[in-house]
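Let me begin by presenting the structure, written as structure tokens, before commenting on it.
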Number of protein chains: 2
Amino acid sequence: MTTNRRNRRIVLASRPQGKPTTANFRLEEAEIPPLGPGQVLVAIEYLSLDPYMRGRMDDAKSYAKPQPLDETMQGGTVGRVVESNDPSLVAGDAVQGMLGWQTHAVASAKELTKVRPGLPLSVWLGPAGMPGVTAWHGVNKILQPQAGQTLCVDAASGAVGSVVGQLAKAAGARVVGIAGGPDKCKLVVDEYGFDACIDHRDPAFADRLKAATPDGVDRVFENVGGPILDALLGQMNPFGRIAVCGLIAGYNGQEIPLTRVRSILVNKLLIQGFIVSDHPDEWPTAVKELAGRIGDGSLKYRETIAEGLDQAPTAFLSMLGGGNLGKQLVRVGQDSR
Amino acid sequence: MTTNRRNRRIVLASRPQGKPTTANFRLEEAEIPPLGPGQVLVAIEYLSLDPYMRGRMDDAKSYAKPQPLDETMQGGTVGRVVESNDPSLVAGDAVQGMLGWQTHAVASAKELTKVRPGLPLSVWLGPAGMPGVTAWHGVNKILQPQAGQTLCVDAASGAVGSVVGQLAKAAGARVVGIAGGPDKCKLVVDEYGFDACIDHRDPAFADRLKAATPDGVDRVFENVGGPILDALLGQMNPFGRIAVCGLIAGYNGQEIPLTRVRSILVNKLLIQGFIVSDHPDEWPTAVKELAGRIGDGSLKYRETIAEGLDQAPTAFLSMLGGGNLGKQLVRVGQDSR
């Protein structure tokens, strides 16, 4: 059954010098191997594009090993089982897994998670997937915002930031987003219900942040770093907490120095770097809450969907430049049928 | 009884522009007021000189309110009760309190802590006082070093750093100190029993730090900040912790940027700023352990003692420049008799 299909995949062709370009990627075709015991063939429907992938393109120390050259770009996917050699999955089952930038994958059934029916498949890569659980961990396990406190989150319109703000609002906090450009800020306030959103491209950003946080800042969910984090450090209240989830400003190799370091001492801040994959035990609890909120309509989300596997590199570069609104996905479904 | 004595005190005459000088201080004489109900007269024996006092000389946001101009310099003291209007204290009792840079003080008995006999009075300002409890909190409540881990502490020969290292050694950690100059480094290894000590004035400091921490760094007790903290960030292991107790490098007004910010994310670091006065409930437990270790000789300490109240400003400036070996004290006993 697999022999008459071919897989299409995107590999890392070369490591970027500074900003990545489409020349760093290559589209390839390959045979789909026969299934071994316990394996299934998955037709991938959606790829997830995430900022962390930029870090792995370099041959540098980061969370995980670098993305190997000439191998399929790693990343989260959701798809449907086409053929199964394992009793736990049957053809037609929807599954989530790290299957990478390709149309088909042969994987061990153990590496896949069957997703529950009733929600659109793409949410398992967004608000009910890794970005949502990342937000859930930062808010519930690190920041624990209290009613009346002020929480700030940057990249606020993104897949993580939008969930952070909505969970913090549900906890009773005043939530101020930071995003790039008026369209994203409008989305954050109008659709996600944040109390305010500041455009970090505004030359008066620091003053606007102060004006939007008249009682100071108690909690920060940090996705960006650099001058935004510096401005936030200047607004922190005593015993404030900062969850460091991303420092996208440094992804092209340059470290961006932090100036307001004294705030850590003066305000007795707690700063905690984290990555959600260190906490697999929390996943079921987090997903249950997130999927419930998606199902009842209380957790809003947006997606930017690129059509076709060959668009993945362009969509990835656009996302790194902030070109997406909400979760950036690639639909590869039509390739796989 | 109090009318035939006069108090001598040092007040803040002006706020420093950059580096403080002796011209920022003024020696004054004043009548000792009569005792009110519940008050005692204390003849001060020792003043404590501490880096945090530099921060309070500025009119800027810090832990506490700024030191008021033309008022007695605030600070920790130990002395003996001369006259008492409170049943809890009698003449001759040794007491610890924040009585400031002066020879005598009239204070409420409630603000004073009677110290237990058997140890030299000065230890209640050093290893059994605020510096010791600061070290105890950072090590036991924040860093919690495990056997086999590597802990680094800077200002390692100082009143706080020397206790940090000895407590961490007792917990089974490998302890590497950082100090300014070969004499301090020698003291740290030979007398306090650290495994190694690196001179931060050495041009090859960063390389020597790497060589002294071949398994990386798991715990940092940070008293200094700036380039030393940057070097430590570059050596951190995953899930490392940094207790931020002081950032002396910024005390003259300049913020020193931190460059290796990415380590917070990549290594999922916990960074916690703290000040010991936020945790008064821990004081009795900490003091009991520290005094016990001083009594049985297992906790070593050194003091640099300036003679006479009028020497306090010079001794303070010398301490800020690293001129002291161990806890910097001023003996004012001879002034008060």
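FYI, nothing fancy with the structure tokens labels: chains A, B, ... in order, residues from 1 per chain, ligands from 1 as they appear.
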Given only C-alpha atoms, how would the per-residue table for chain B near chain A read, listing every residue at most 8 Å away with its closest atom pair and distance in Å to one decimal, sorted by chain and number, as a tab-separated table?
```
residue	atom	partner	partner_atom	distance
B:Lys61	CA	A:Val266	CA	7.6
B:Ser62	CA	A:Val266	CA	5.1
B:Tyr63	CA	A:Val266	CA	5.2
B:Val244	CA	A:Leu265	CA	6.2
B:Cys245	CA	A:Leu265	CA	6.7
B:Gly246	CA	A:Leu265	CA	6.7
B:Leu247	CA	A:Arg262	CA	6.9
B:Gly250	CA	A:Arg262	CA	7.6
B:Glu255	CA	A:Thr259	CA	6.3
B:Ile256	CA	A:Thr259	CA	6.5
B:Pro257	CA	A:Thr259	CA	4.3
B:Leu258	CA	A:Leu258	CA	5.1
B:Thr259	CA	A:Pro257	CA	4.3
B:Arg260	CA	A:Glu255	CA	6.8
B:Val261	CA	A:Pro257	CA	6.9
B:Arg262	CA	A:Leu247	CA	6.9
B:Ile264	CA	A:Gly273	CA	5.3
B:Leu265	CA	A:Gly273	CA	4.6
B:Val266	CA	A:Ser62	CA	5.3
B:Asn267	CA	A:Gly273	CA	7.2
B:Lys268	CA	A:Gly273	CA	4.1
B:Leu269	CA	A:Gly273	CA	5.2
B:Leu270	CA	A:Gln272	CA	4.5
B:Ile271	CA	A:Ile271	CA	4.9
B:Gln272	CA	A:Leu270	CA	4.5
B:Gly273	CA	A:Lys268	CA	4.1
B:Phe274	CA	A:Lys268	CA	4.7
B:Ile275	CA	A:Lys268	CA	7.1
```
* To do: Name all residues at most 8 Å from Ala91 in chain A (count only C-alpha atoms; drop same-chain ones fewer than 6 positions away) and give them as a ChimeraX atom specification.
  => /A:80-84
* To do: Extract, using only C-alpha atoms, all DNA, RNA and protein residues at most 7 Å from Gly75 in chain A, discarding same-chain residues fewer than 3 positions from it, and format them as an MDAnalysis selection string.
  => chainID A and resid 48 98:101
Write a file of the just-selected residues containing C-alpha atoms, as a compact mmCIF listing (two decimals), in the first residue's frame.
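Below is the file again_11.txt, written as the result:
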```txt
# COMPACT_ATOMS: atom_id res chain seq x y z
CA SER A 48 3.66 23.78 13.14
CA MET A 98 7.05 15.40 16.08
CA LEU A 99 7.07 14.15 12.48
CA GLY A 100 8.72 17.13 10.79
CA TRP A 101 8.35 19.10 7.57
```
* Pick out the residues sitting within 7 Å of Arg56 in chain B, and hand them over as a VMD selection string; count only C-alpha atoms, and ignore anything fewer than 5 positions along from it in its own chain. => chain B and resid 65 to 67
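A straight line drawn from CA of Glu31 in chain A to CA of Arg5 in chain A is 7.3 Å long.
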* Please provide as a ChimeraX atom specification all residues within 9 Å of range 283-297 of chain A, with the sequence filter that same-chain residues fewer than 4 positions apart are discarded (counting only C-alpha atoms). => /A:118-119,123-124,127-129,132-133,136-137,163,276,279,301
Among range 257-336 of chain B, which ones does DSSP assign to helix (DSSP H, G or I) (computed from the backbone)? Answer as a PDB file with N, CA and C atoms, in the first residue's frame.
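Output file part26.pdb is given in full below:
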```pdb
ATOM      1  N   ARG B 262      21.005  34.854  27.378  1.00  0.00           N
ATOM      2  CA  ARG B 262      20.450  33.643  26.774  1.00  0.00           C
ATOM      3  C   ARG B 262      20.614  32.398  27.638  1.00  0.00           C
ATOM      4  N   SER B 263      21.602  32.435  28.509  1.00  0.00           N
ATOM      5  CA  SER B 263      21.829  31.289  29.395  1.00  0.00           C
ATOM      6  C   SER B 263      20.615  31.041  30.302  1.00  0.00           C
ATOM      7  N   ILE B 264      19.891  32.107  30.647  1.00  0.00           N
ATOM      8  CA  ILE B 264      18.690  31.957  31.495  1.00  0.00           C
ATOM      9  C   ILE B 264      17.706  31.007  30.828  1.00  0.00           C
ATOM     10  N   LEU B 265      17.538  31.186  29.519  1.00  0.00           N
ATOM     11  CA  LEU B 265      16.585  30.381  28.750  1.00  0.00           C
ATOM     12  C   LEU B 265      17.151  29.000  28.447  1.00  0.00           C
ATOM     13  N   VAL B 266      18.345  28.987  27.869  1.00  0.00           N
ATOM     14  CA  VAL B 266      18.934  27.725  27.412  1.00  0.00           C
ATOM     15  C   VAL B 266      19.121  26.759  28.585  1.00  0.00           C
ATOM     16  N   VAL B 276      17.706  39.800  53.217  1.00  0.00           N
ATOM     17  CA  VAL B 276      17.444  38.947  54.378  1.00  0.00           C
ATOM     18  C   VAL B 276      16.361  39.526  55.286  1.00  0.00           C
ATOM     19  N   SER B 277      16.212  40.843  55.290  1.00  0.00           N
ATOM     20  CA  SER B 277      15.233  41.451  56.208  1.00  0.00           C
ATOM     21  C   SER B 277      13.790  41.130  55.827  1.00  0.00           C
ATOM     22  N   ASP B 278      13.570  40.556  54.639  1.00  0.00           N
ATOM     23  CA  ASP B 278      12.222  40.103  54.274  1.00  0.00           C
ATOM     24  C   ASP B 278      11.847  38.790  54.963  1.00  0.00           C
ATOM     25  N   PRO B 280      12.270  37.634  58.502  1.00  0.00           N
ATOM     26  CA  PRO B 280      12.614  37.675  59.932  1.00  0.00           C
ATOM     27  C   PRO B 280      12.294  36.367  60.659  1.00  0.00           C
ATOM     28  N   ASP B 281      11.328  35.619  60.149  1.00  0.00           N
ATOM     29  CA  ASP B 281      10.937  34.364  60.788  1.00  0.00           C
ATOM     30  C   ASP B 281      12.060  33.324  60.774  1.00  0.00           C
ATOM     31  N   GLU B 282      12.992  33.458  59.824  1.00  0.00           N
ATOM     32  CA  GLU B 282      14.071  32.467  59.727  1.00  0.00           C
ATOM     33  C   GLU B 282      15.242  32.781  60.656  1.00  0.00           C
ATOM     34  N   TRP B 283      15.258  34.012  61.186  1.00  0.00           N
ATOM     35  CA  TRP B 283      16.420  34.496  61.923  1.00  0.00           C
ATOM     36  C   TRP B 283      16.820  33.569  63.086  1.00  0.00           C
ATOM     37  N   PRO B 284      15.886  33.183  63.967  1.00  0.00           N
ATOM     38  CA  PRO B 284      16.296  32.355  65.114  1.00  0.00           C
ATOM     39  C   PRO B 284      16.932  31.024  64.700  1.00  0.00           C
ATOM     40  N   THR B 285      16.345  30.347  63.718  1.00  0.00           N
ATOM     41  CA  THR B 285      16.904  29.070  63.250  1.00  0.00           C
ATOM     42  C   THR B 285      18.306  29.272  62.688  1.00  0.00           C
ATOM     43  N   ALA B 286      18.437  30.319  61.864  1.00  0.00           N
ATOM     44  CA  ALA B 286      19.728  30.586  61.228  1.00  0.00           C
ATOM     45  C   ALA B 286      20.785  30.914  62.278  1.00  0.00           C
ATOM     46  N   VAL B 287      20.428  31.807  63.217  1.00  0.00           N
ATOM     47  CA  VAL B 287      21.402  32.237  64.224  1.00  0.00           C
ATOM     48  C   VAL B 287      21.812  31.064  65.105  1.00  0.00           C
ATOM     49  N   LYS B 288      20.869  30.205  65.418  1.00  0.00           N
ATOM     50  CA  LYS B 288      21.192  29.048  66.257  1.00  0.00           C
ATOM     51  C   LYS B 288      22.259  28.174  65.576  1.00  0.00           C
ATOM     52  N   GLU B 289      22.040  27.907  64.279  1.00  0.00           N
ATOM     53  CA  GLU B 289      23.011  27.072  63.561  1.00  0.00           C
ATOM     54  C   GLU B 289      24.358  27.780  63.447  1.00  0.00           C
ATOM     55  N   LEU B 290      24.326  29.065  63.094  1.00  0.00           N
ATOM     56  CA  LEU B 290      25.570  29.803  62.867  1.00  0.00           C
ATOM     57  C   LEU B 290      26.374  29.942  64.161  1.00  0.00           C
ATOM     58  N   ALA B 291      25.682  30.320  65.248  1.00  0.00           N
ATOM     59  CA  ALA B 291      26.376  30.488  66.531  1.00  0.00           C
ATOM     60  C   ALA B 291      26.948  29.146  66.997  1.00  0.00           C
ATOM     61  N   GLY B 292      26.206  28.077  66.748  1.00  0.00           N
ATOM     62  CA  GLY B 292      26.702  26.751  67.085  1.00  0.00           C
ATOM     63  C   GLY B 292      27.986  26.414  66.339  1.00  0.00           C
ATOM     64  N   ARG B 293      28.003  26.741  65.047  1.00  0.00           N
ATOM     65  CA  ARG B 293      29.206  26.452  64.248  1.00  0.00           C
ATOM     66  C   ARG B 293      30.387  27.354  64.637  1.00  0.00           C
ATOM     67  N   ILE B 294      30.082  28.592  65.041  1.00  0.00           N
ATOM     68  CA  ILE B 294      31.160  29.465  65.515  1.00  0.00           C
ATOM     69  C   ILE B 294      31.704  28.918  66.830  1.00  0.00           C
ATOM     70  N   GLY B 295      30.792  28.514  67.698  1.00  0.00           N
ATOM     71  CA  GLY B 295      31.191  27.999  69.011  1.00  0.00           C
ATOM     72  C   GLY B 295      32.055  26.752  68.924  1.00  0.00           C
ATOM     73  N   LEU B 309      35.134  55.979  66.354  1.00  0.00           N
ATOM     74  CA  LEU B 309      33.997  56.398  65.527  1.00  0.00           C
ATOM     75  C   LEU B 309      34.418  57.290  64.358  1.00  0.00           C
ATOM     76  N   ASP B 310      35.369  58.186  64.611  1.00  0.00           N
ATOM     77  CA  ASP B 310      35.760  59.134  63.557  1.00  0.00           C
ATOM     78  C   ASP B 310      36.392  58.430  62.355  1.00  0.00           C
ATOM     79  N   GLN B 311      36.807  57.175  62.521  1.00  0.00           N
ATOM     80  CA  GLN B 311      37.400  56.425  61.411  1.00  0.00           C
ATOM     81  C   GLN B 311      36.348  55.740  60.528  1.00  0.00           C
ATOM     82  N   ALA B 312      35.067  55.826  60.920  1.00  0.00           N
ATOM     83  CA  ALA B 312      34.029  55.078  60.197  1.00  0.00           C
ATOM     84  C   ALA B 312      33.946  55.459  58.713  1.00  0.00           C
ATOM     85  N   PRO B 313      33.924  56.759  58.358  1.00  0.00           N
ATOM     86  CA  PRO B 313      33.821  57.082  56.933  1.00  0.00           C
ATOM     87  C   PRO B 313      34.992  56.527  56.100  1.00  0.00           C
ATOM     88  N   THR B 314      36.209  56.706  56.600  1.00  0.00           N
ATOM     89  CA  THR B 314      37.378  56.204  55.873  1.00  0.00           C
ATOM     90  C   THR B 314      37.322  54.683  55.740  1.00  0.00           C
ATOM     91  N   ALA B 315      36.945  54.015  56.819  1.00  0.00           N
ATOM     92  CA  ALA B 315      36.862  52.556  56.786  1.00  0.00           C
ATOM     93  C   ALA B 315      35.769  52.096  55.816  1.00  0.00           C
ATOM     94  N   PHE B 316      34.673  52.863  55.771  1.00  0.00           N
ATOM     95  CA  PHE B 316      33.574  52.521  54.869  1.00  0.00           C
ATOM     96  C   PHE B 316      34.022  52.625  53.407  1.00  0.00           C
ATOM     97  N   LEU B 317      34.708  53.725  53.075  1.00  0.00           N
ATOM     98  CA  LEU B 317      35.172  53.911  51.694  1.00  0.00           C
ATOM     99  C   LEU B 317      36.202  52.848  51.327  1.00  0.00           C
ATOM    100  N   SER B 318      37.051  52.507  52.270  1.00  0.00           N
ATOM    101  CA  SER B 318      38.057  51.469  52.033  1.00  0.00           C
ATOM    102  C   SER B 318      37.375  50.129  51.760  1.00  0.00           C
ATOM    103  N   MET B 319      36.323  49.831  52.528  1.00  0.00           N
ATOM    104  CA  MET B 319      35.588  48.576  52.335  1.00  0.00           C
ATOM    105  C   MET B 319      34.956  48.527  50.943  1.00  0.00           C
ATOM    106  N   LEU B 320      34.382  49.665  50.498  1.00  0.00           N
ATOM    107  CA  LEU B 320      33.764  49.686  49.161  1.00  0.00           C
ATOM    108  C   LEU B 320      34.806  49.404  48.086  1.00  0.00           C
ATOM    109  N   GLY B 333      33.958  51.423  71.232  1.00  0.00           N
ATOM    110  CA  GLY B 333      33.907  51.179  72.676  1.00  0.00           C
ATOM    111  C   GLY B 333      34.676  52.214  73.481  1.00  0.00           C
ATOM    112  N   GLN B 334      35.880  52.530  73.038  1.00  0.00           N
ATOM    113  CA  GLN B 334      36.683  53.467  73.828  1.00  0.00           C
ATOM    114  C   GLN B 334      36.089  54.872  73.842  1.00  0.00           C
ATOM    115  N   ASP B 335      35.274  55.195  72.836  1.00  0.00           N
ATOM    116  CA  ASP B 335      34.630  56.506  72.811  1.00  0.00           C
ATOM    117  C   ASP B 335      33.549  56.621  73.864  1.00  0.00           C
ATOM    118  N   SER B 336      32.982  55.476  74.234  1.00  0.00           N
ATOM    119  CA  SER B 336      31.726  55.537  74.978  1.00  0.00           C
ATOM    120  C   SER B 336      31.939  55.322  76.466  1.00  0.00           C
TER     121      SER B 336
END
```
With only C-alpha atoms as the counted atoms, please give the residues lying no more than 12 Å from Gly76 in chain B, apart from itself and same-chain residues fewer than 2 positions off, as a PDB file with N, CA, C and O atoms, in the first residue's frame.
```
ATOM      1  N   ILE B  44      27.479  51.884  72.508  1.00  0.00           N
ATOM      2  CA  ILE B  44      27.769  51.033  71.353  1.00  0.00           C
ATOM      3  C   ILE B  44      29.230  50.587  71.389  1.00  0.00           C
ATOM      4  O   ILE B  44      30.120  51.389  71.664  1.00  0.00           O
ATOM      5  N   GLU B  45      29.455  49.312  71.135  1.00  0.00           N
ATOM      6  CA  GLU B  45      30.829  48.791  71.118  1.00  0.00           C
ATOM      7  C   GLU B  45      31.370  48.633  69.697  1.00  0.00           C
ATOM      8  O   GLU B  45      32.513  48.942  69.441  1.00  0.00           O
ATOM      9  N   TYR B  46      30.524  48.128  68.796  1.00  0.00           N
ATOM     10  CA  TYR B  46      30.959  47.939  67.410  1.00  0.00           C
ATOM     11  C   TYR B  46      29.879  48.416  66.434  1.00  0.00           C
ATOM     12  O   TYR B  46      28.693  48.174  66.649  1.00  0.00           O
ATOM     13  N   LEU B  47      30.322  49.061  65.370  1.00  0.00           N
ATOM     14  CA  LEU B  47      29.457  49.344  64.219  1.00  0.00           C
ATOM     15  C   LEU B  47      29.783  48.354  63.125  1.00  0.00           C
ATOM     16  O   LEU B  47      30.946  48.017  62.919  1.00  0.00           O
ATOM     17  N   SER B  48      28.757  48.003  62.370  1.00  0.00           N
ATOM     18  CA  SER B  48      28.951  47.186  61.176  1.00  0.00           C
ATOM     19  C   SER B  48      28.973  48.098  59.952  1.00  0.00           C
ATOM     20  O   SER B  48      28.118  48.982  59.818  1.00  0.00           O
ATOM     21  N   LEU B  49      29.929  47.903  59.063  1.00  0.00           N
ATOM     22  CA  LEU B  49      29.949  48.637  57.791  1.00  0.00           C
ATOM     23  C   LEU B  49      29.626  47.650  56.679  1.00  0.00           C
ATOM     24  O   LEU B  49      30.268  46.599  56.576  1.00  0.00           O
ATOM     25  N   ASP B  50      28.635  47.981  55.875  1.00  0.00           N
ATOM     26  CA  ASP B  50      28.140  47.029  54.876  1.00  0.00           C
ATOM     27  C   ASP B  50      27.934  47.702  53.519  1.00  0.00           C
ATOM     28  O   ASP B  50      27.557  48.872  53.468  1.00  0.00           O
ATOM     29  N   TYR B  52      25.524  47.582  51.455  1.00  0.00           N
ATOM     30  CA  TYR B  52      24.185  48.105  51.173  1.00  0.00           C
ATOM     31  C   TYR B  52      24.047  49.578  51.555  1.00  0.00           C
ATOM     32  O   TYR B  52      23.189  50.288  51.030  1.00  0.00           O
ATOM     33  N   MET B  53      24.905  50.034  52.474  1.00  0.00           N
ATOM     34  CA  MET B  53      24.816  51.437  52.916  1.00  0.00           C
ATOM     35  C   MET B  53      25.114  52.403  51.775  1.00  0.00           C
ATOM     36  O   MET B  53      24.597  53.523  51.759  1.00  0.00           O
ATOM     37  N   MET B  73      23.964  58.152  60.359  1.00  0.00           N
ATOM     38  CA  MET B  73      24.070  57.048  59.400  1.00  0.00           C
ATOM     39  C   MET B  73      23.492  55.788  60.038  1.00  0.00           C
ATOM     40  O   MET B  73      23.872  55.396  61.140  1.00  0.00           O
ATOM     41  N   GLN B  74      22.569  55.158  59.309  1.00  0.00           N
ATOM     42  CA  GLN B  74      21.943  53.952  59.825  1.00  0.00           C
ATOM     43  C   GLN B  74      22.872  52.753  59.666  1.00  0.00           C
ATOM     44  O   GLN B  74      23.670  52.713  58.723  1.00  0.00           O
ATOM     45  N   VAL B  78      26.392  46.559  67.874  1.00  0.00           N
ATOM     46  CA  VAL B  78      26.272  45.734  69.069  1.00  0.00           C
ATOM     47  C   VAL B  78      26.857  46.552  70.219  1.00  0.00           C
ATOM     48  O   VAL B  78      27.790  47.335  70.023  1.00  0.00           O
ATOM     49  N   GLY B  79      26.262  46.450  71.368  1.00  0.00           N
ATOM     50  CA  GLY B  79      26.731  47.261  72.494  1.00  0.00           C
ATOM     51  C   GLY B  79      26.190  46.726  73.807  1.00  0.00           C
ATOM     52  O   GLY B  79      25.648  45.614  73.863  1.00  0.00           O
ATOM     53  N   VAL B  95      23.510  43.740  73.643  1.00  0.00           N
ATOM     54  CA  VAL B  95      22.365  43.823  72.722  1.00  0.00           C
ATOM     55  C   VAL B  95      22.826  44.163  71.313  1.00  0.00           C
ATOM     56  O   VAL B  95      23.852  44.818  71.107  1.00  0.00           O
ATOM     57  N   GLN B  96      22.008  43.739  70.379  1.00  0.00           N
ATOM     58  CA  GLN B  96      22.240  43.945  68.959  1.00  0.00           C
ATOM     59  C   GLN B  96      21.061  44.789  68.472  1.00  0.00           C
ATOM     60  O   GLN B  96      19.926  44.590  68.909  1.00  0.00           O
ATOM     61  N   GLY B  97      21.309  45.738  67.556  1.00  0.00           N
ATOM     62  CA  GLY B  97      20.207  46.548  67.023  1.00  0.00           C
ATOM     63  C   GLY B  97      20.712  47.494  65.946  1.00  0.00           C
ATOM     64  O   GLY B  97      21.923  47.634  65.749  1.00  0.00           O
ATOM     65  N   MET B  98      19.778  48.102  65.248  1.00  0.00           N
ATOM     66  CA  MET B  98      20.137  49.046  64.185  1.00  0.00           C
ATOM     67  C   MET B  98      20.258  50.443  64.800  1.00  0.00           C
ATOM     68  O   MET B  98      19.367  51.282  64.645  1.00  0.00           O
ATOM     69  N   LEU B  99      21.349  50.696  65.495  1.00  0.00           N
ATOM     70  CA  LEU B  99      21.472  51.947  66.247  1.00  0.00           C
ATOM     71  C   LEU B  99      22.326  52.995  65.541  1.00  0.00           C
ATOM     72  O   LEU B  99      22.358  54.146  65.964  1.00  0.00           O
ATOM     73  N   GLY B 100      23.004  52.618  64.469  1.00  0.00           N
ATOM     74  CA  GLY B 100      23.679  53.621  63.639  1.00  0.00           C
ATOM     75  C   GLY B 100      25.083  53.992  64.093  1.00  0.00           C
ATOM     76  O   GLY B 100      25.599  53.473  65.090  1.00  0.00           O
ATOM     77  N   TRP B 101      25.665  54.919  63.309  1.00  0.00           N
ATOM     78  CA  TRP B 101      27.069  55.299  63.495  1.00  0.00           C
ATOM     79  C   TRP B 101      27.168  56.327  64.621  1.00  0.00           C
ATOM     80  O   TRP B 101      27.289  57.534  64.374  1.00  0.00           O
ATOM     81  N   GLN B 102      27.173  55.871  65.869  1.00  0.00           N
ATOM     82  CA  GLN B 102      27.261  56.788  66.998  1.00  0.00           C
ATOM     83  C   GLN B 102      27.776  56.030  68.224  1.00  0.00           C
ATOM     84  O   GLN B 102      27.860  54.803  68.216  1.00  0.00           O
ATOM     85  N   GLU B 111      13.233  47.193  70.092  1.00  0.00           N
ATOM     86  CA  GLU B 111      14.036  47.205  68.852  1.00  0.00           C
ATOM     87  C   GLU B 111      15.350  46.451  69.011  1.00  0.00           C
ATOM     88  O   GLU B 111      16.117  46.346  68.058  1.00  0.00           O
ATOM     89  N   LEU B 112      15.634  46.005  70.234  1.00  0.00           N
ATOM     90  CA  LEU B 112      16.938  45.402  70.506  1.00  0.00           C
ATOM     91  C   LEU B 112      16.803  43.899  70.729  1.00  0.00           C
ATOM     92  O   LEU B 112      15.778  43.427  71.213  1.00  0.00           O
ATOM     93  N   THR B 113      17.837  43.175  70.380  1.00  0.00           N
ATOM     94  CA  THR B 113      17.879  41.734  70.637  1.00  0.00           C
ATOM     95  C   THR B 113      19.017  41.466  71.612  1.00  0.00           C
ATOM     96  O   THR B 113      20.161  41.855  71.349  1.00  0.00           O
ATOM     97  N   SER B 122      31.511  40.915  68.680  1.00  0.00           N
ATOM     98  CA  SER B 122      31.542  41.314  67.273  1.00  0.00           C
ATOM     99  C   SER B 122      30.903  40.280  66.339  1.00  0.00           C
ATOM    100  O   SER B 122      30.467  40.620  65.244  1.00  0.00           O
ATOM    101  N   VAL B 123      30.830  39.008  66.737  1.00  0.00           N
ATOM    102  CA  VAL B 123      30.268  37.988  65.822  1.00  0.00           C
ATOM    103  C   VAL B 123      28.795  38.251  65.521  1.00  0.00           C
ATOM    104  O   VAL B 123      28.275  37.812  64.491  1.00  0.00           O
ATOM    105  N   TRP B 124      28.122  39.012  66.399  1.00  0.00           N
ATOM    106  CA  TRP B 124      26.697  39.289  66.178  1.00  0.00           C
ATOM    107  C   TRP B 124      26.486  40.309  65.069  1.00  0.00           C
ATOM    108  O   TRP B 124      25.356  40.580  64.660  1.00  0.00           O
ATOM    109  N   LEU B 125      27.561  40.891  64.592  1.00  0.00           N
ATOM    110  CA  LEU B 125      27.501  41.751  63.395  1.00  0.00           C
ATOM    111  C   LEU B 125      28.056  41.036  62.168  1.00  0.00           C
ATOM    112  O   LEU B 125      27.976  41.546  61.060  1.00  0.00           O
ATOM    113  N   GLY B 126      28.647  39.872  62.381  1.00  0.00           N
ATOM    114  CA  GLY B 126      29.285  39.159  61.269  1.00  0.00           C
ATOM    115  C   GLY B 126      28.655  37.803  61.048  1.00  0.00           C
ATOM    116  O   GLY B 126      27.497  37.709  60.649  1.00  0.00           O
ATOM    117  N   GLY B 129      25.419  37.349  62.638  1.00  0.00           N
ATOM    118  CA  GLY B 129      24.527  38.497  62.474  1.00  0.00           C
ATOM    119  C   GLY B 129      23.986  38.563  61.060  1.00  0.00           C
ATOM    120  O   GLY B 129      23.830  37.541  60.384  1.00  0.00           O
ATOM    121  N   MET B 130      23.718  39.761  60.620  1.00  0.00           N
ATOM    122  CA  MET B 130      23.081  39.950  59.315  1.00  0.00           C
ATOM    123  C   MET B 130      23.843  39.278  58.164  1.00  0.00           C
ATOM    124  O   MET B 130      23.222  38.576  57.357  1.00  0.00           O
ATOM    125  N   PRO B 131      25.183  39.438  58.083  1.00  0.00           N
ATOM    126  CA  PRO B 131      25.869  38.772  56.961  1.00  0.00           C
ATOM    127  C   PRO B 131      25.735  37.255  57.016  1.00  0.00           C
ATOM    128  O   PRO B 131      25.511  36.611  55.980  1.00  0.00           O
ATOM    129  N   GLN B 328      34.047  44.083  57.952  1.00  0.00           N
ATOM    130  CA  GLN B 328      34.547  45.409  58.323  1.00  0.00           C
ATOM    131  C   GLN B 328      33.745  45.961  59.495  1.00  0.00           C
ATOM    132  O   GLN B 328      32.523  46.126  59.411  1.00  0.00           O
ATOM    133  N   LEU B 329      34.448  46.232  60.594  1.00  0.00           N
ATOM    134  CA  LEU B 329      33.809  46.762  61.807  1.00  0.00           C
ATOM    135  C   LEU B 329      34.498  48.058  62.222  1.00  0.00           C
ATOM    136  O   LEU B 329      35.629  48.329  61.819  1.00  0.00           O
ATOM    137  N   VAL B 330      33.813  48.840  63.033  1.00  0.00           N
ATOM    138  CA  VAL B 330      34.437  49.980  63.705  1.00  0.00           C
ATOM    139  C   VAL B 330      34.234  49.768  65.198  1.00  0.00           C
ATOM    140  O   VAL B 330      33.095  49.561  65.649  1.00  0.00           O
TER     141      VAL B 330
END
```
* Every residue of range 12-235 of chain A that DSSP places in strand (DSSP E or B), as an MDAnalysis selection string -> chainID A and resid 12 25:31 39:48 72 77:84 94:97 102 104:108 113:114 150:154 174:179 196:199 217:222
* To do: Find, counting only C-alpha atoms, the residue in B:Ala155, B:Leu143, B:Met236, B:Val220 that gets nearest to Cys197 in chain B.
  =>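 With only C-alpha atoms as the atom set, the closest residue is B:Ala155.
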